[in-house]
file target_30.csv (CSV, C-alpha atoms)
chain,number,residue,atom,x,y,z
N,1,MET,CA,0.0,0.0,0.0
N,2,ALA,CA,1.2,3.5,-0.8
N,3,THR,CA,2.5,5.5,2.1
N,4,VAL,CA,1.2,8.7,0.6
N,5,GLU,CA,-0.8,9.1,-2.6
N,6,LEU,CA,-1.4,12.5,-4.2
N,7,ARG,CA,-3.7,13.5,-7.1
N,8,PHE,CA,-3.6,17.0,-8.5
N,9,SER,CA,-5.2,18.9,-11.3
N,10,ALA,CA,-2.9,19.0,-14.3
N,11,LEU,CA,-1.7,22.6,-13.8
N,12,PRO,CA,1.8,23.9,-13.6
N,13,GLU,CA,1.3,25.6,-10.3
N,14,HIS,CA,0.7,22.3,-8.5
N,15,VAL,CA,4.0,20.7,-9.5
N,16,ARG,CA,5.8,22.5,-6.7
N,17,THR,CA,3.4,21.0,-4.2
N,18,ALA,CA,4.1,17.5,-5.5
N,19,ARG,CA,7.9,18.2,-5.1
N,20,LEU,CA,7.5,19.4,-1.6
N,21,VAL,CA,5.3,16.4,-0.5
N,22,ALA,CA,7.6,13.9,-2.2
N,23,ALA,CA,10.7,15.4,-0.5
N,24,ALA,CA,9.0,15.4,2.9
N,25,VAL,CA,7.9,11.8,2.6
N,26,ALA,CA,11.3,10.7,1.2
N,27,ARG,CA,13.0,12.3,4.2
N,28,ARG,CA,10.7,10.5,6.6
N,29,ALA,CA,11.3,7.2,4.8
N,30,GLY,CA,15.1,7.6,5.5
N,31,VAL,CA,16.3,8.7,2.0
N,32,ASP,CA,19.8,10.3,2.5
N,33,GLU,CA,19.7,14.1,2.9
N,34,ALA,CA,22.2,14.5,0.2
N,35,VAL,CA,19.9,12.7,-2.3
N,36,LEU,CA,16.7,14.7,-1.4
N,37,ASP,CA,17.5,17.4,-4.0
N,38,GLU,CA,17.6,14.6,-6.6
N,39,VAL,CA,14.3,13.3,-5.5
N,40,ARG,CA,12.7,16.7,-5.6
N,41,LEU,CA,14.1,17.4,-9.1
N,42,ALA,CA,13.2,14.0,-10.5
N,43,VAL,CA,9.6,14.1,-9.2
N,44,GLY,CA,9.3,17.7,-10.5
N,45,GLU,CA,10.4,16.5,-13.9
N,46,ALA,CA,8.1,13.6,-14.0
N,47,CYS,CA,5.1,15.7,-12.9
N,48,THR,CA,6.0,18.5,-15.3
N,49,ARG,CA,6.0,15.9,-18.1
N,50,ALA,CA,2.6,14.5,-17.0
N,51,VAL,CA,1.0,17.9,-16.7
N,52,GLY,CA,2.3,18.8,-20.2
N,53,LEU,CA,0.9,15.6,-21.7
N,54,HIS,CA,-2.5,16.2,-20.0
N,55,LEU,CA,-2.7,19.8,-21.1
N,56,SER,CA,-1.6,19.2,-24.7
N,57,ASN,CA,-4.0,16.3,-25.1
N,58,GLY,CA,-7.0,17.8,-23.3
N,59,VAL,CA,-7.0,15.2,-20.6
N,60,ASN,CA,-9.1,16.3,-17.6
N,61,ALA,CA,-8.0,13.6,-15.2
N,62,PRO,CA,-5.6,14.5,-12.4
N,63,VAL,CA,-1.9,13.5,-12.3
N,64,ARG,CA,-1.2,10.7,-9.9
N,65,VAL,CA,1.8,10.5,-7.6
N,66,VAL,CA,2.3,7.4,-5.4
N,67,LEU,CA,5.0,7.5,-2.8
N,68,THR,CA,5.8,4.2,-1.2
N,69,GLU,CA,8.1,3.4,1.7
N,70,GLU,CA,9.4,-0.2,1.2
N,71,GLU,CA,11.8,-2.3,3.3
N,72,LYS,CA,15.1,-0.9,1.9
N,73,LYS,CA,13.9,1.6,-0.7
N,74,PHE,CA,11.6,4.5,-1.3
N,75,SER,CA,9.7,4.4,-4.5
N,76,ILE,CA,7.8,7.0,-6.5
N,77,GLU,CA,5.4,6.5,-9.3
N,78,VAL,CA,4.1,9.4,-11.4
N,79,GLY,CA,1.2,8.4,-13.7
N,80,ASP,CA,-0.4,10.2,-16.5
N,81,GLU,CA,-3.6,9.3,-18.4
N,82,SER,CA,-2.5,10.7,-21.7
N,83,PRO,CA,-3.1,8.4,-24.7
N,84,THR,CA,-0.1,9.8,-26.5
N,85,SER,CA,2.3,9.1,-23.7
N,86,ALA,CA,3.1,5.8,-25.5
N,87,ALA,CA,4.0,7.5,-28.7
N,88,LEU,CA,6.3,10.0,-27.0
N,89,VAL,CA,8.2,7.3,-25.1
N,90,SER,CA,8.7,5.1,-28.1
N,91,GLY,CA,10.2,7.9,-30.0
N,92,SER,CA,7.5,8.9,-32.4
N,93,HIS,CA,7.1,12.6,-32.2
N,94,ALA,CA,5.1,13.3,-35.2
N,95,GLU,CA,2.3,15.1,-33.4
N,96,ALA,CA,4.3,17.0,-30.8
N,97,ASP,CA,5.3,20.5,-31.5
N,98,ASP,CA,9.0,21.3,-31.4
N,99,GLU,CA,9.3,23.1,-28.1
N,100,ALA,CA,7.1,20.8,-26.1
N,101,GLU,CA,9.0,17.8,-27.6
N,102,GLY,CA,12.4,19.3,-26.7
N,103,GLU,CA,11.3,19.9,-23.1
N,104,ASP,CA,9.8,16.5,-22.8
N,105,GLU,CA,13.0,14.9,-23.9
N,106,MET,CA,15.1,17.1,-21.7
N,107,GLY,CA,12.9,16.2,-18.7
N,108,LEU,CA,13.4,12.5,-19.3
N,109,ALA,CA,17.1,13.1,-19.8
N,110,VAL,CA,17.3,14.8,-16.4
N,111,ILE,CA,15.5,11.9,-14.8
N,112,SER,CA,17.6,9.2,-16.3
N,113,GLY,CA,20.8,11.2,-15.5
N,114,LEU,CA,19.7,11.6,-11.9
N,115,VAL,CA,18.1,8.3,-10.9
N,116,ASP,CA,19.8,4.9,-11.2
N,117,ASP,CA,16.6,2.9,-10.8
N,118,VAL,CA,14.1,4.3,-13.2
N,119,GLU,CA,11.5,2.7,-15.5
N,120,VAL,CA,9.3,4.4,-18.0
N,121,THR,CA,6.2,2.4,-19.2
N,122,SER,CA,3.2,3.4,-21.2
N,123,SER,CA,0.0,2.0,-22.6
N,124,GLU,CA,-3.0,3.3,-24.5
N,125,THR,CA,-4.4,4.6,-21.3
N,126,GLY,CA,-1.4,6.5,-20.1
N,127,GLY,CA,2.2,6.3,-18.9
N,128,VAL,CA,4.0,5.7,-15.6
N,129,ILE,CA,7.4,6.8,-14.5
N,130,ARG,CA,8.7,4.6,-11.6
N,131,MET,CA,11.8,5.6,-9.7
N,132,SER,CA,13.3,4.4,-6.5
N,133,TRP,CA,16.1,5.3,-4.1
N,134,PRO,CA,17.7,3.3,-1.3
N,135,THR,CA,16.9,4.2,2.3
N,136,SER,CA,19.1,3.9,5.3
N,137,PRO,CA,17.8,2.2,8.4
N,138,GLU,CA,16.3,4.3,11.2
N,139,PRO,CA,19.0,5.7,13.4
N,140,LEU,CA,19.1,4.1,16.8
N,141,VAL,CA,17.8,6.3,19.6
N,142,SER,CA,20.4,6.5,22.3
I,1,MET,CA,8.7,30.5,-3.3
I,2,ASP,CA,8.1,32.4,-6.4
I,3,LEU,CA,10.6,33.7,-9.0
I,4,SER,CA,12.2,37.1,-8.6
I,5,LEU,CA,13.8,39.0,-11.4
I,6,SER,CA,15.8,42.2,-11.6
I,7,THR,CA,17.9,43.6,-14.3
I,8,ARG,CA,20.8,46.1,-14.3
I,9,THR,CA,23.4,47.3,-16.8
I,10,VAL,CA,27.1,46.8,-16.1
I,11,ASP,CA,29.3,48.2,-18.9
I,12,ASP,CA,27.7,47.0,-22.1
I,13,ARG,CA,26.1,43.9,-20.5
I,14,THR,CA,22.7,43.4,-19.1
I,15,VAL,CA,22.7,41.5,-15.8
I,16,VAL,CA,19.5,39.5,-15.0
I,17,GLU,CA,19.5,38.5,-11.3
I,18,VAL,CA,17.2,35.6,-10.8
I,19,GLY,CA,16.0,34.3,-7.4
I,20,GLY,CA,13.7,31.6,-6.2
I,21,GLU,CA,12.5,28.6,-8.1
I,22,ILE,CA,12.5,28.2,-11.9
I,23,ASP,CA,10.1,25.5,-12.9
I,24,VAL,CA,7.2,24.8,-15.2
I,25,TYR,CA,5.1,27.4,-13.4
I,26,THR,CA,7.6,30.3,-13.1
I,27,ALA,CA,9.7,29.7,-16.3
I,28,PRO,CA,7.3,31.6,-18.6
I,29,LYS,CA,8.1,34.7,-16.5
I,30,LEU,CA,11.8,34.3,-17.1
I,31,ARG,CA,11.2,33.6,-20.8
I,32,GLU,CA,9.1,36.9,-21.1
I,33,GLN,CA,11.9,38.8,-19.4
I,34,LEU,CA,14.6,37.5,-21.8
I,35,VAL,CA,12.5,38.0,-24.9
I,36,GLU,CA,11.7,41.6,-23.8
I,37,LEU,CA,15.4,42.4,-23.2
I,38,VAL,CA,16.4,41.0,-26.6
I,39,ASN,CA,13.5,42.8,-28.3
I,40,ASP,CA,14.7,46.1,-26.7
I,41,GLY,CA,18.2,45.5,-28.2
I,42,ASN,CA,20.1,44.0,-25.3
I,43,TYR,CA,22.1,41.2,-26.9
I,44,HIS,CA,24.8,40.6,-24.3
I,45,LEU,CA,23.1,39.0,-21.2
I,46,VAL,CA,24.5,37.7,-18.0
I,47,VAL,CA,22.1,35.6,-16.0
I,48,ASP,CA,23.1,35.6,-12.3
I,49,MET,CA,21.7,32.3,-10.8
I,50,GLU,CA,23.2,32.6,-7.4
I,51,GLY,CA,19.8,33.2,-5.8
I,52,VAL,CA,18.2,30.3,-7.6
I,53,ASP,CA,17.0,27.6,-5.2
I,54,PHE,CA,15.6,25.2,-7.8
I,55,LEU,CA,16.0,24.8,-11.6
I,56,ASP,CA,14.4,22.1,-13.8
I,57,SER,CA,14.4,21.2,-17.5
I,58,THR,CA,11.7,23.9,-18.2
I,59,GLY,CA,14.1,26.5,-16.9
I,60,LEU,CA,17.0,25.0,-19.0
I,61,GLY,CA,14.7,25.2,-22.0
I,62,VAL,CA,14.1,28.9,-21.4
I,63,LEU,CA,17.8,29.6,-21.0
I,64,VAL,CA,18.6,27.7,-24.3
I,65,GLY,CA,15.8,29.8,-25.9
I,66,GLY,CA,17.4,33.0,-24.6
I,67,LEU,CA,20.8,31.8,-26.0
I,68,LYS,CA,19.3,31.2,-29.4
I,69,ARG,CA,17.7,34.7,-29.4
I,70,VAL,CA,20.9,36.6,-28.5
I,71,ARG,CA,23.0,34.5,-30.9
I,72,ALA,CA,20.7,35.6,-33.8
I,73,HIS,CA,22.0,39.1,-33.1
I,74,GLU,CA,25.6,37.9,-32.5
I,75,GLY,CA,25.1,38.4,-28.8
I,76,SER,CA,26.0,36.3,-25.8
I,77,LEU,CA,24.4,34.7,-22.8
I,78,ARG,CA,26.6,33.9,-19.8
I,79,LEU,CA,25.6,32.3,-16.6
I,80,VAL,CA,26.9,33.0,-13.1
I,81,CYS,CA,26.5,30.0,-10.8
I,82,ASN,CA,28.5,28.4,-8.0
I,83,GLN,CA,25.9,26.1,-6.6
I,84,GLU,CA,26.7,22.5,-7.0
I,85,ARG,CA,23.1,21.3,-7.1
I,86,ILE,CA,22.3,23.7,-10.0
I,87,LEU,CA,25.6,23.0,-11.8
I,88,LYS,CA,24.8,19.3,-11.7
I,89,ILE,CA,21.7,19.8,-13.9
I,90,PHE,CA,23.8,21.6,-16.5
I,91,ARG,CA,26.3,18.7,-16.4
I,92,ILE,CA,23.9,15.8,-16.8
I,93,THR,CA,22.2,17.5,-19.7
I,94,GLY,CA,25.5,18.4,-21.4
I,95,LEU,CA,24.7,22.1,-21.3
I,96,THR,CA,28.0,23.0,-19.6
I,97,LYS,CA,29.3,22.8,-23.2
I,98,VAL,CA,26.7,25.2,-24.4
I,99,PHE,CA,26.7,27.9,-21.8
I,100,PRO,CA,29.8,29.8,-20.5
I,101,ILE,CA,29.4,29.5,-16.7
I,102,HIS,CA,31.2,31.9,-14.5
I,103,THR,CA,31.9,32.1,-10.8
I,104,SER,CA,31.1,35.8,-10.4
I,105,VAL,CA,29.2,38.6,-12.2
I,106,GLU,CA,32.5,40.5,-12.5
I,107,ASP,CA,34.1,37.6,-14.4
I,108,ALA,CA,31.1,37.2,-16.7
I,109,VAL,CA,31.0,40.9,-17.5
I,110,ALA,CA,34.7,40.9,-18.2
I,111,ALA,CA,34.6,37.8,-20.4
I,112,THR,CA,34.9,38.5,-24.1
I,113,ASP,CA,34.9,35.1,-25.9

call {"tool": "encode", "arguments": {"input": "target_30.csv", "output": "structure tokens"}}
result
Amino acid sequence: MATVELRFSALPEHVRTARLVAAAVARRAGVDEAVLDEVRLAVGEACTRAVGLHLSNGVNAPVRVVLTEEEKKFSIEVGDESPTSAALVSGSHAEADDEAEGEDEMGLAVISGLVDDVEVTSSETGGVIRMSWPTSPEPLVS
Amino acid sequence: MDLSLSTRTVDDRTVVEVGGEIDVYTAPKLREQLVELVNDGNYHLVVDMEGVDFLDSTGLGVLVGGLKRVRAHEGSLRLVCNQERILKIFRITGLTKVFPIHTSVEDAVAATD
């Protein structure tokens, strides 16, 4: 079960909220302080991409962010419900305009540059970016 | 935190001091500022990023757009940044090869090539 699940209207102003929530939950889960900046950036990129896909395809559904604390890792899933997500991931950019396409690719480039464990999947009903980071055990209370 | 922008002229350069967070929500504001400066004939820009707390690919896209615009007028766009977490984003996207990045506004203003 997800530790925290967030759904937000696909609007640019809410991406910051998603970043803040993800970083707060990651910190609690025991993700190293030095890596929190990466978590924040990667979640922001994934949400920005999802918002862009929803807006450009007229999808009214919210963007979904699932934050899960597991035994030795913390994972984040960002899901969109855009039908063209598949086309963009597989490299067919026929319908995307130049600027949006460039930003989408740069966003994915940032994510793959930052996160070691990342998986981008897509289907006709939307796409999911899954990322995870290792967590350190709870510090002993002395 | 929102984005803050202020501009000033140093010698023949226009210094844009940016503060706060540059993301999908605030980047259009930075884009407007850069477009306006170029439209007003300022082709040598120095973007001071020392006050930036967060930068994502949308922000990078706006900076690349600004660079394209000034280059169309044989101008320049230099960045000032010493923050490791911001520099890292330029490195992983290969943009350190595209932008001259300086450690101080003085250095950026004095640079000629």

call {"tool": "closest_residue", "arguments": {"input": "target_30.csv", "among": "I:Tyr43, I:Val35, I:Arg85, I:Glu106", "to": "Ala34 in chain N", "atoms": "only C-alpha atoms"}}
result
I:Arg85

call {"tool": "closest_residue", "arguments": {"input": "target_30.csv", "among": "N:Ser9, N:Thr48, N:Thr125, N:Thr68", "to": "chain I", "atoms": "only C-alpha atoms"}}
result
N:Thr48

call {"tool": "closest_atom_pairs", "arguments": {"input": "target_30.csv", "of": "chain N", "to": "chain I", "cutoff": "9 Å", "atoms": "all atoms listed in the file", "output": "CSV"}}
result
residue,atom,partner,partner_atom,distance
N:Leu11,CA,I:Tyr25,CA,8.3
N:Pro12,CA,I:Tyr25,CA,4.8
N:Glu13,CA,I:Tyr25,CA,5.2
N:His14,CA,I:Tyr25,CA,8.3
N:Val15,CA,I:Val24,CA,7.7
N:Arg16,CA,I:Asp23,CA,8.1
N:Asp37,CA,I:Arg85,CA,7.5
N:Glu38,CA,I:Arg85,CA,8.7
N:Leu41,CA,I:Asp56,CA,6.7
N:Ala42,CA,I:Asp56,CA,8.8
N:Gly44,CA,I:Asp56,CA,7.5
N:Glu45,CA,I:Asp56,CA,6.9
N:Thr48,CA,I:Val24,CA,6.4
N:Glu99,CA,I:Gly61,CA,8.4
N:Gly102,CA,I:Gly61,CA,7.9
N:Glu103,CA,I:Thr58,CA,6.3
N:Asp104,CA,I:Ser57,CA,8.4
N:Met106,CA,I:Ser57,CA,5.9
N:Gly107,CA,I:Ser57,CA,5.4
N:Leu108,CA,I:Ser57,CA,8.9
N:Ala109,CA,I:Thr93,CA,6.7
N:Val110,CA,I:Thr93,CA,6.5
N:Gly113,CA,I:Ile92,CA,5.7
N:Leu114,CA,I:Ile92,CA,7.7

call {"tool": "atom_distance", "arguments": {"input": "target_30.csv", "atom1": "CA of Ser122 in chain N", "atom2": "CA of Leu55 in chain N"}}
result
17.4 Å

call {"tool": "residues_around", "arguments": {"input": "target_30.csv", "residues": "Val25 in chain N", "least_positions_apart": "4", "cutoff": "9 Å", "atoms": "only C-alpha atoms", "output": "number ranges by chain"}}
result
N: 3-4, 20-21, 29-31, 67-69

call {"tool": "axis_aligned_box", "arguments": {"input": "target_30.csv", "around": "range 63-80 of chain N", "padding_each_side": "3 Å", "output": "AutoDock Vina command-line options"}}
result
--center_x 6.6 --center_y 5.6 --center_z -6.6 --size_x 23.0 --size_y 21.8 --size_z 25.8

call {"tool": "atom_distance", "arguments": {"input": "target_30.csv", "atom1": "CA of Val105 in chain I", "atom2": "CA of Glu84 in chain I"}}
result
17.1 Å

call {"tool": "closest_residue", "arguments": {"input": "target_30.csv", "among": "I:Val52, I:Ala27, I:Val16, I:Leu5", "to": "Arg78 in chain I", "atoms": "all atoms listed in the file"}}
result
I:Val16

call {"tool": "atom_distance", "arguments": {"input": "target_30.csv", "atom1": "CA of Leu6 in chain N", "atom2": "CA of Ser112 in chain N"}}
result
22.8 Å

call {"tool": "closest_residue", "arguments": {"input": "target_30.csv", "among": "I:Leu95, I:Ala111, I:Val38, I:Leu3", "to": "Ile22 in chain I", "atoms": "all atoms listed in the file"}}
result
I:Leu3

call {"tool": "residues_near_point", "arguments": {"input": "target_30.csv", "point": "(18.7, 39.3, -8.4)", "cutoff": "6 Å", "atoms": "all atoms listed in the file", "output": "short mmCIF file (atom, residue, chain, number, x, y, z; two decimals) with C-alpha atoms, in the frame of the given file"}}
result
data_model
loop_
_atom_site.label_atom_id
_atom_site.label_comp_id
_atom_site.auth_asym_id
_atom_site.auth_seq_id
_atom_site.Cartn_x
_atom_site.Cartn_y
_atom_site.Cartn_z
CA LEU I 5 13.80 39.00 -11.40
CA SER I 6 15.80 42.20 -11.60
CA GLU I 17 19.50 38.50 -11.30
CA VAL I 18 17.20 35.60 -10.80
CA GLY I 19 16.00 34.30 -7.40
#
